[in-house]
Amino acid sequence: MKVKIVLIGPTESGKTVLANFLSDISENVGGEYNPTVGVRILEFESPLEEASDNRSCEVELWDCSGDFKFESCWPTFMQDCNGVVIVFNSDVPSHLKEIEIWHSMFISTHSLQENQCLLIAHHKPGGAVEDRHISLASPLNRLPLIKSNLEEEPEDVRKAFNSYVGNVLRAMSESREREEMSIIM
């Protein structure tokens, strides 16, 4: 099984750090900021939570630039996409407003189900840790939200992401079953 997940969000929100961590490219969560140019595609295995036989799923994670100068490329990024993860820094007030735009451009226009989407409020390394409530506008408040702190709880982030991958796989399976039933009937 293989899933394509697009990782999007405002610039400097931590998408690349998360992508590197999830794909086991790097355990270093800090460092100098280097903006992604266009997109980086990372492939790795994600263990399936409910699998007792240690099965895994191949994940193709598209780490997309948050720079709007690449907007003309975004439809290509979404081609054959199975899930979307929006990463933002909740300490940056403009990010809370900007993720509404990301939702509109990547989720609403592609009719993805809620279980195919994930919001990650990423805590940047070195900043003050605040466990406060994040107030999101509708329809964002219906999407699953995890708080990412790779310094304090890295394995919680990985576990939540792997659970999300399982949700995407279930949505893909249900969609395939609906298609098959529509052909039969």
# chains A, B, ... in the order shown; residues from 1 in each chain; ligands from 1
$ select_by_dssp --residues "chain A" --states "helix (DSSP H, G or I)" --output "PyMOL selection string"
chain A and resi 15-22+68-78+93-110+114-116+140-142+154-184
$ select_by_dssp --residues "range 106-151 of chain A" --states "strand (DSSP E or B)" --output "ChimeraX atom specification"
/A:117-122,145-148
$ closest_atom_pairs --of "range 9-64 of chain A" --to "range 150-174 of chain A" --cutoff "7 Å" --atoms "only C-alpha atoms" --output "Markdown table"
| residue | atom | partner | partner_atom | distance |
| --- | --- | --- | --- | --- |
| A:Leu22 | CA | A:Arg158 | CA | 6.3 |
| A:Val29 | CA | A:Leu150 | CA | 6.5 |
| A:Ser46 | CA | A:Asn162 | CA | 6.1 |
| A:Pro47 | CA | A:Asn162 | CA | 6.7 |
| A:Leu48 | CA | A:Gly166 | CA | 6.3 |
| A:Glu49 | CA | A:Ser163 | CA | 6.5 |
$ residues_around --residues "Asp24 in chain A" --least-positions-apart "6" --cutoff "10 Å" --atoms "only C-alpha atoms" --output "list in words"
Leu18, Leu42, Phe44 and Glu45 of chain A
$ closest_residue --among "A:Ile146, A:Ile183, A:Met105, A:Val92" --to "Ile8 in chain A" --atoms "only C-alpha atoms"
A:Met105
$ closest_residue --among "A:His122, A:Lys97, A:Lys15, A:Lys69" --to "Tyr33 in chain A" --atoms "only C-alpha atoms"
A:Lys15
$ closest_residue --among "A:Phe68, A:Val85, A:Met78, A:Lys2" --to "Ala19 in chain A" --atoms "only C-alpha atoms"
A:Val85
$ residues_around --residues "Lys4 in chain A" --least-positions-apart "2" --cutoff "9 Å" --atoms "only C-alpha atoms" --output "ChimeraX atom specification"
/A:2,6,58-62,80-84
$ closest_residue --among "A:Ser148, A:Gln79, A:Asn20, A:Thr11" --to "Trp102 in chain A" --atoms "only C-alpha atoms"
A:Thr11
$ closest_residue --among "A:Glu177, A:Glu43, A:Glu71, A:Asp91" --to "Glu12 in chain A" --atoms "only C-alpha atoms"
A:Asp91
